[in-house]
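Novice: Following this line is data.cif, made up of mmCIF, C-alpha atoms and all ligand atoms:
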data_final
#
loop_
_atom_site.label_atom_id
_atom_site.label_comp_id
_atom_site.auth_asym_id
_atom_site.auth_seq_id
_atom_site.Cartn_x
_atom_site.Cartn_y
_atom_site.Cartn_z
CA MET A 62 -127.65 -23.56 24.10
CA LYS A 63 -124.63 -25.90 24.21
CA LYS A 64 -125.16 -26.67 20.49
CA ILE A 65 -125.26 -22.96 19.60
CA PHE A 66 -122.09 -22.35 21.62
CA PHE A 67 -120.17 -25.15 19.82
CA SER A 68 -121.45 -24.04 16.38
CA PHE A 69 -120.26 -20.52 17.19
CA VAL A 70 -116.79 -21.69 18.35
CA PHE A 71 -116.24 -24.05 15.38
CA GLY A 72 -117.63 -21.47 12.93
CA THR A 73 -115.28 -18.82 14.28
CA LEU A 74 -112.30 -21.21 14.14
CA ALA A 75 -113.11 -22.16 10.54
CA VAL A 76 -113.35 -18.49 9.50
CA LEU A 77 -110.09 -17.71 11.32
CA SER A 78 -108.18 -20.54 9.63
CA VAL A 79 -109.47 -19.57 6.18
CA CYS A 80 -108.43 -15.97 6.89
CA THR A 81 -104.98 -17.15 8.03
CA VAL A 82 -104.47 -19.19 4.85
CA LEU A 83 -105.65 -16.29 2.69
CA ALA A 84 -103.44 -13.88 4.59
CA LEU A 85 -100.43 -16.18 4.28
CA SER A 86 -100.87 -16.76 0.55
CA GLY A 87 -101.88 -13.18 -0.14
CA GLU A 88 -99.00 -11.56 1.73
CA LEU A 89 -96.33 -12.28 -0.85
CA LYS A 90 -95.19 -9.01 -2.36
CA ALA A 91 -93.00 -8.18 -5.32
CA ILE A 92 -89.33 -7.70 -4.44
CA GLN A 93 -87.55 -4.88 -6.23
CA LEU A 94 -84.01 -6.12 -6.68
CA LEU A 95 -80.98 -3.89 -6.23
CA LYS A 96 -78.65 -2.72 -8.96
CA PRO A 97 -76.08 -5.48 -9.59
CA GLN A 98 -72.62 -4.79 -8.23
CA VAL A 99 -70.53 -5.46 -11.33
CA ASP A 100 -67.26 -4.49 -9.66
CA ARG A 101 -67.17 -7.25 -7.05
CA GLY A 102 -66.47 -10.99 -6.89
CA ARG A 103 -63.33 -13.01 -7.57
CA PRO A 104 -61.64 -12.96 -10.96
CA LEU A 105 -63.11 -15.37 -13.51
CA MET A 106 -60.13 -17.73 -13.53
CA GLN A 107 -60.35 -18.16 -9.76
CA ALA A 108 -64.11 -18.76 -9.98
CA LEU A 109 -63.47 -21.43 -12.60
CA LYS A 110 -60.88 -23.00 -10.34
CA ASP A 111 -63.39 -23.13 -7.45
CA ARG A 112 -66.56 -24.10 -9.37
CA SER A 113 -68.10 -27.24 -7.90
CA SER A 114 -71.38 -28.84 -6.84
CA SER A 115 -72.26 -28.79 -3.18
CA ARG A 116 -75.27 -30.44 -1.53
CA SER A 117 -75.06 -29.14 2.02
CA PHE A 118 -76.78 -25.84 2.76
CA SER A 119 -77.23 -23.55 5.73
CA SER A 120 -80.80 -22.23 6.00
CA GLU A 121 -79.46 -18.66 6.29
CA LYS A 122 -81.20 -16.38 3.80
CA LEU A 123 -79.24 -14.52 1.15
CA PRO A 124 -79.11 -10.74 1.64
CA LEU A 125 -81.09 -8.78 -0.96
CA GLN A 126 -77.91 -7.48 -2.62
CA VAL A 127 -76.52 -11.00 -3.03
CA LEU A 128 -79.86 -12.25 -4.41
CA SER A 129 -79.92 -9.29 -6.81
CA ASN A 130 -76.37 -9.95 -8.00
CA LEU A 131 -77.08 -13.68 -8.35
CA LEU A 132 -80.18 -13.27 -10.53
CA TRP A 133 -78.52 -10.65 -12.69
CA ALA A 134 -75.52 -12.95 -13.15
CA ALA A 135 -77.87 -15.84 -13.96
CA SER A 136 -79.74 -14.13 -16.77
CA GLY A 137 -80.09 -10.41 -16.15
CA VAL A 138 -80.15 -7.70 -18.81
CA ASN A 139 -76.54 -6.68 -19.44
CA ARG A 140 -77.20 -4.53 -22.54
CA PRO A 141 -80.25 -2.38 -21.82
CA GLU A 142 -80.15 -0.86 -25.31
CA THR A 143 -81.05 -4.27 -26.84
CA GLY A 144 -82.50 -6.05 -23.80
CA LYS A 145 -79.96 -8.84 -24.24
CA ARG A 146 -78.90 -10.94 -21.30
CA THR A 147 -75.89 -12.31 -19.40
CA ALA A 148 -76.74 -15.77 -20.80
CA PRO A 149 -77.12 -16.40 -24.54
CA SER A 150 -80.29 -17.97 -25.97
CA ALA A 151 -80.93 -19.58 -29.34
CA MET A 152 -82.21 -16.93 -31.76
CA ASN A 153 -82.39 -14.62 -28.73
CA ARG A 154 -85.76 -16.15 -27.81
CA GLN A 155 -85.08 -15.68 -24.07
CA GLU A 156 -87.49 -18.52 -23.40
CA ILE A 157 -86.08 -19.62 -20.04
CA ASP A 158 -87.87 -18.17 -17.04
CA ILE A 159 -86.26 -18.36 -13.62
CA TYR A 160 -88.69 -19.14 -10.83
CA VAL A 161 -87.33 -18.61 -7.33
CA ALA A 162 -88.61 -20.86 -4.53
CA THR A 163 -87.93 -19.53 -1.01
CA ALA A 164 -89.36 -20.16 2.47
CA ASP A 165 -91.72 -17.21 1.89
CA GLY A 166 -93.07 -18.40 -1.43
CA LEU A 167 -92.51 -18.67 -5.15
CA TYR A 168 -91.45 -15.74 -7.31
CA LEU A 169 -90.76 -15.18 -11.01
CA TYR A 170 -87.67 -13.22 -12.00
CA ASN A 171 -88.50 -10.42 -14.42
CA ALA A 172 -85.12 -9.52 -15.90
CA LYS A 173 -86.31 -6.41 -17.74
CA ASP A 174 -87.46 -4.71 -14.54
CA HIS A 175 -84.98 -6.63 -12.32
CA ILE A 176 -87.81 -7.53 -9.99
CA LEU A 177 -89.17 -10.70 -8.38
CA LYS A 178 -92.88 -11.03 -9.05
CA PRO A 179 -94.97 -13.01 -6.56
CA VAL A 180 -96.42 -16.27 -7.89
CA LEU A 181 -97.45 -18.37 -4.88
CA GLY A 182 -97.48 -17.63 -1.15
CA GLU A 183 -96.37 -21.18 -0.31
CA ASP A 184 -93.04 -22.78 0.52
CA ILE A 185 -92.66 -25.36 -2.27
CA ARG A 186 -88.89 -25.90 -1.85
CA ALA A 187 -89.31 -29.52 -0.75
CA ILE A 188 -90.91 -30.49 -4.07
CA THR A 189 -88.37 -28.73 -6.28
CA GLY A 190 -86.27 -31.92 -6.21
CA ARG A 191 -86.15 -35.51 -5.07
CA GLN A 192 -83.22 -35.00 -2.67
CA GLY A 193 -83.54 -34.06 1.00
CA TYR A 194 -81.21 -31.07 0.91
CA VAL A 195 -83.49 -29.08 -1.42
CA LYS A 196 -85.80 -28.08 1.42
CA GLU A 197 -82.82 -26.79 3.46
CA ALA A 198 -81.46 -24.50 0.75
CA PRO A 199 -82.83 -20.98 1.18
CA LEU A 200 -83.16 -20.65 -2.57
CA ASN A 201 -84.13 -23.10 -5.28
CA LEU A 202 -84.07 -21.71 -8.79
CA ILE A 203 -86.36 -23.51 -11.23
CA TYR A 204 -85.55 -23.10 -14.91
CA VAL A 205 -88.76 -23.23 -16.95
CA ALA A 206 -88.89 -23.05 -20.74
CA ASP A 207 -91.83 -21.19 -22.23
CA PHE A 208 -92.32 -22.96 -25.56
CA SER A 209 -94.83 -20.31 -26.63
CA ARG A 210 -91.86 -17.93 -27.06
CA MET A 211 -90.08 -20.28 -29.45
CA GLY A 212 -92.16 -19.62 -32.54
CA GLU A 213 -92.96 -22.42 -34.95
CA ALA A 214 -89.89 -24.56 -34.20
CA ALA A 215 -90.43 -28.33 -34.04
CA LYS A 216 -90.91 -29.89 -30.60
CA GLU A 217 -87.47 -31.58 -30.67
CA GLU A 218 -85.84 -28.27 -31.55
CA LYS A 219 -87.64 -26.48 -28.72
CA GLU A 220 -86.50 -29.17 -26.30
CA PHE A 221 -82.91 -29.12 -27.54
CA TYR A 222 -82.50 -25.33 -27.52
CA SER A 223 -84.24 -24.81 -24.19
CA ALA A 224 -82.00 -27.45 -22.57
CA ALA A 225 -78.88 -25.80 -24.05
CA ASP A 226 -80.03 -22.30 -23.03
CA THR A 227 -80.65 -23.51 -19.48
CA GLY A 228 -77.10 -24.86 -19.31
CA PHE A 229 -75.66 -21.38 -19.83
CA ILE A 230 -77.79 -19.92 -17.05
CA GLY A 231 -76.86 -22.76 -14.70
CA GLN A 232 -73.15 -22.23 -15.37
CA ASN A 233 -73.50 -18.47 -14.78
CA VAL A 234 -74.99 -19.34 -11.38
CA TYR A 235 -72.18 -21.83 -10.68
CA LEU A 236 -69.52 -19.21 -11.44
CA PHE A 237 -71.26 -16.51 -9.44
CA CYS A 238 -71.53 -18.89 -6.47
CA ALA A 239 -67.86 -19.85 -6.77
CA SER A 240 -66.88 -16.19 -6.79
CA GLU A 241 -69.03 -15.44 -3.70
CA ASP A 242 -68.35 -18.56 -1.57
CA LEU A 243 -71.91 -19.79 -2.00
CA ALA A 244 -72.90 -23.45 -2.29
CA THR A 245 -74.86 -24.61 -5.34
CA VAL A 246 -75.87 -27.66 -7.32
CA VAL A 247 -77.82 -27.88 -10.57
CA ARG A 248 -80.43 -30.63 -10.54
CA GLY A 249 -82.30 -32.80 -12.99
CA SER A 250 -83.80 -35.17 -10.45
CA ILE A 251 -87.23 -33.56 -10.13
CA ASP A 252 -90.78 -34.88 -10.08
CA ARG A 253 -91.68 -32.53 -12.92
CA LYS A 254 -95.35 -33.43 -12.99
CA ALA A 255 -95.83 -32.70 -9.27
CA LEU A 256 -93.75 -29.53 -9.41
CA ALA A 257 -95.51 -28.19 -12.54
CA LYS A 258 -98.83 -28.76 -10.80
CA ALA A 259 -97.70 -26.96 -7.63
CA MET A 260 -96.37 -24.08 -9.73
CA LYS A 261 -99.60 -24.00 -11.78
CA LEU A 262 -97.66 -24.05 -15.06
CA ARG A 263 -99.34 -24.08 -18.46
CA PRO A 264 -98.92 -27.15 -20.72
CA ASP A 265 -96.51 -25.22 -22.99
CA GLN A 266 -94.19 -24.47 -20.07
CA ARG A 267 -91.53 -27.13 -19.33
CA ILE A 268 -89.41 -27.54 -16.24
CA ILE A 269 -85.87 -28.14 -17.51
CA LEU A 270 -83.64 -28.10 -14.41
CA ALA A 271 -83.51 -26.66 -10.91
CA GLN A 272 -80.57 -25.28 -8.96
CA SER A 273 -80.20 -24.97 -5.19
CA VAL A 274 -78.24 -22.02 -3.82
CA GLY A 275 -77.26 -20.98 -0.30
CA TYR A 276 -74.42 -20.53 2.13
CA PRO A 277 -72.51 -23.74 2.77
CA LYS A 278 -73.51 -25.51 5.97
CA ARG A 279 -70.86 -24.86 8.58
CA ILE A 280 -69.21 -27.93 10.01
CA ALA A 281 -67.04 -28.31 13.12
CA MET A 282 -64.54 -25.48 13.74
CA GLY A 283 -66.52 -23.15 11.45
CA LYS A 284 -65.06 -24.67 8.30
CA GLY A 285 -67.15 -24.62 5.09
CA SER A 286 -68.46 -27.96 3.85
CA ARG A 287 -67.06 -27.60 0.38
C1 LIG H 1 -77.87 -31.71 -16.30
C2 LIG H 1 -77.38 -32.00 -14.90
C3 LIG H 1 -78.24 -32.59 -13.98
C4 LIG H 1 -77.82 -32.83 -12.67
N1 LIG H 1 -78.70 -33.34 -11.77
C5 LIG H 1 -78.34 -33.49 -10.48
C6 LIG H 1 -79.28 -33.92 -9.52
O1 LIG H 1 -80.44 -34.14 -9.79
N2 LIG H 1 -78.87 -34.03 -8.24
C7 LIG H 1 -77.58 -33.76 -7.85
O2 LIG H 1 -77.29 -33.89 -6.66
N3 LIG H 1 -76.66 -33.35 -8.74
C8 LIG H 1 -77.01 -33.19 -10.04
N4 LIG H 1 -76.10 -32.70 -10.96
C9 LIG H 1 -74.76 -32.33 -10.52
C10 LIG H 1 -73.73 -33.37 -10.96
O3 LIG H 1 -73.88 -34.54 -10.20
C11 LIG H 1 -72.33 -32.79 -10.80
O4 LIG H 1 -72.18 -31.69 -11.67
C12 LIG H 1 -71.27 -33.83 -11.10
O5 LIG H 1 -71.23 -34.82 -10.12
C13 LIG H 1 -69.87 -33.23 -11.20
O6 LIG H 1 -69.57 -32.54 -10.00
P1 LIG H 1 -69.10 -31.01 -10.03
O7 LIG H 1 -70.28 -30.18 -10.49
O8 LIG H 1 -68.71 -30.68 -8.61
O9 LIG H 1 -67.98 -30.91 -11.00
C14 LIG H 1 -76.49 -32.49 -12.28
C15 LIG H 1 -75.62 -31.90 -13.21
C16 LIG H 1 -76.07 -31.65 -14.50
C17 LIG H 1 -75.12 -30.97 -15.46
#
Rewrite the structure from the file as structure tokens, please.

Specialist:
Amino acid sequence: MKKIFFSFVFGTLAVLSVCTVLALSGELKAIQLLKPQVDRGRPLMQALKDRSSSRSFSSEKLPLQVLSNLLWAASGVNRPETGKRTAPSAMNRQEIDIYVATADGLYLYNAKDHILKPVLGEDIRAITGRQGYVKEAPLNLIYVADFSRMGEAAKEEKEFYSAADTGFIGQNVYLFCASEDLATVVRGSIDRKALAKAMKLRPDQRIILAQSVGYPKRIAMGKGSR
């Protein structure tokens, strides 16, 4: 009788934990982003004056409108008639995908539909970089090149152009952050093998850089850390 009771309890607990895991990973839903507000932010020259790297983040989430503006600034479609983007890309291959790691899970930015598509219902922020602050930042952008979109180019050429194309996106994010008082730092220090595995990337997808974004951590007397 005792044996049956324990089997029942442990069996129920096992089923419940599997259900919880499934529910947690299955809950991630697509996020329809809002229309970018192109009439806000500081003038470009002031954003250039303020652009800097910051490695101290508050865990406060970004409001949907700010997230929407940020991703559009990073590499959104700015000419719908041609599908071209706010960042240039060699031969207009548009091979850099922006993955967005948040506390809720991992998303993929689809610029055409201006939507975040769910990828993984897990918080993988801690493994998006080798530095401690990455798990504090509410948002870690991961720039991934899809070599399958780069035609027959040689491997070195694919690597060179995808690195260059990522640089433009990263700088767009830097300037947006400077114009909105957000903290950011672009990062190359990543365990790419571990991260690619966690993201379930294909062999022809390459992690180029990552970039943490968030509000600056407040220090004494409410002053920003930058
Ligand atoms: C390609 C690249 C990789 C970088 N990787 C890292 C990194 O892994 N971790 C980090 O804290 N900063 C990283 N940085 C940020 C630089 O350290 C930073 O840009 C530099 O110190 C100059 O500071 P500033 O951006 O405030 O001008 C990287 C910058 C670039 C351009």

Novice: Please, which residues have at least one atom within 12 Å of an atom of ligand LIG 1 (chain H), using all atoms listed in the file, listed as a ChimeraX atom specification?

Specialist: /A:109-117,189-195,204,224-232,234-236,239,244-253,269-273,287

Novice: Might you pull out every residue within 9 Å of Met260 (chain A), with only C-alpha atoms counted and same-chain residues fewer than 6 positions away left off, and present them as an MDAnalysis selection string?

Specialist: chainID A and resid 167 180:181 185

Novice: So that I can check the surroundings of region 146-155 of chain A, please list as a ChimeraX atom specification every protein, DNA and RNA residue that reaches within 9 Å of it, counting only C-alpha atoms and ignoring chain neighbours fewer than 6 positions away.

Specialist: /A:133-140,172,206-207,210-212,222-223,225-227,229-230,233

Novice: Enter the distance from CA of Ala108 (chain A) to CA of Ser240 (chain A), in Å, rounded to one decimal.

Specialist: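 Answer for the CA of Ala108 (chain A) to CA of Ser240 (chain A) separation: 4.9 Å.
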
Novice: Could you work out an axis-aligned box for region 184-201 of chain A, taking every atom the file lists and adding 6 Å on each side, and report centre and edge lengths in Å to one decimal, as AutoDock Vina command-line options?

Specialist:
--center_x -87.1 --center_y -28.1 --center_z -1.4 --size_x 23.8 --size_y 26.9 --size_z 21.7

Novice: Excluding same-chain residues fewer than 3 positions from Ile159 (chain A), what lies within 8 Å of it counting all atoms listed in the file, as a PDB file with C-alpha atoms, in the frame of the given file?

Specialist:
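So selection.pdb came out as:
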ATOM      1  CA  LEU A 169     -90.760 -15.180 -11.010  1.00  0.00           C
ATOM      2  CA  TYR A 170     -87.670 -13.220 -12.000  1.00  0.00           C
ATOM      3  CA  LEU A 202     -84.070 -21.710  -8.790  1.00  0.00           C
ATOM      4  CA  ILE A 203     -86.360 -23.510 -11.230  1.00  0.00           C
ATOM      5  CA  TYR A 204     -85.550 -23.100 -14.910  1.00  0.00           C
ATOM      6  CA  VAL A 205     -88.760 -23.230 -16.950  1.00  0.00           C
TER       7      VAL A 205
END

Novice: Find the residues near region 85-101 of chain A: any atom within 7 Å, counting all atoms listed in the file, skip ones fewer than 3 places away on the same chain, and give them as a list in words.

Specialist: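 Contacts, in chain order: Thr81, Val82, Leu125, Gln126, Ser129, Asn130, Trp133, Gly166, His175, Ile176, Leu177, Lys178, Pro179, Leu181, Gly182 and Glu183 of chain A.
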
Novice: Name the closest residue to Ser119 (chain A) among the candidates A:Glu241, A:Glu218, A:Glu197, A:Glu213; distances are taken between atoms, counting only C-alpha atoms.

Specialist: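 Ranking A:Glu241, A:Glu218, A:Glu197, A:Glu213 by distance to Ser119 (chain A), first place goes to A:Glu197.
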
Novice: From the set A:Leu243, A:Lys196, A:Leu128, A:Ile157, which residue has the shortest atom-to-atom contact distance to Arg279 (chain A), counting only C-alpha atoms?

Specialist: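 Of A:Leu243, A:Lys196, A:Leu128, A:Ile157, the one nearest Arg279 (chain A), counting only C-alpha atoms, is A:Leu243.
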
Novice: What gap, in Å, lies between CA of Thr163 (chain A) and CA of Ile188 (chain A)?

Specialist: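 Calculated distance between CA of Thr163 (chain A) and CA of Ile188 (chain A) is 11.8 Å.
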
Novice: Can you tell me how far CA of Ala198 (chain A) sits from CA of Arg186 (chain A), in Å to one decimal?

Specialist: 8.0 Å

Novice: Looking at only C-alpha atoms, which of A:Ile268, A:Ala259, A:Val274, A:Cys238 is the one that sits closest to Arg103 (chain A)?

Specialist: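 Looking at the shortest contact to Arg103 (chain A), the residue is A:Cys238.
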
Novice: When you count all atoms listed in the file, which of these residues is closest to Phe208 (chain A): A:Lys254, A:Leu105, A:Lys145, A:Arg263?

Specialist: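 For Phe208 (chain A), the nearest of the candidates is A:Arg263.
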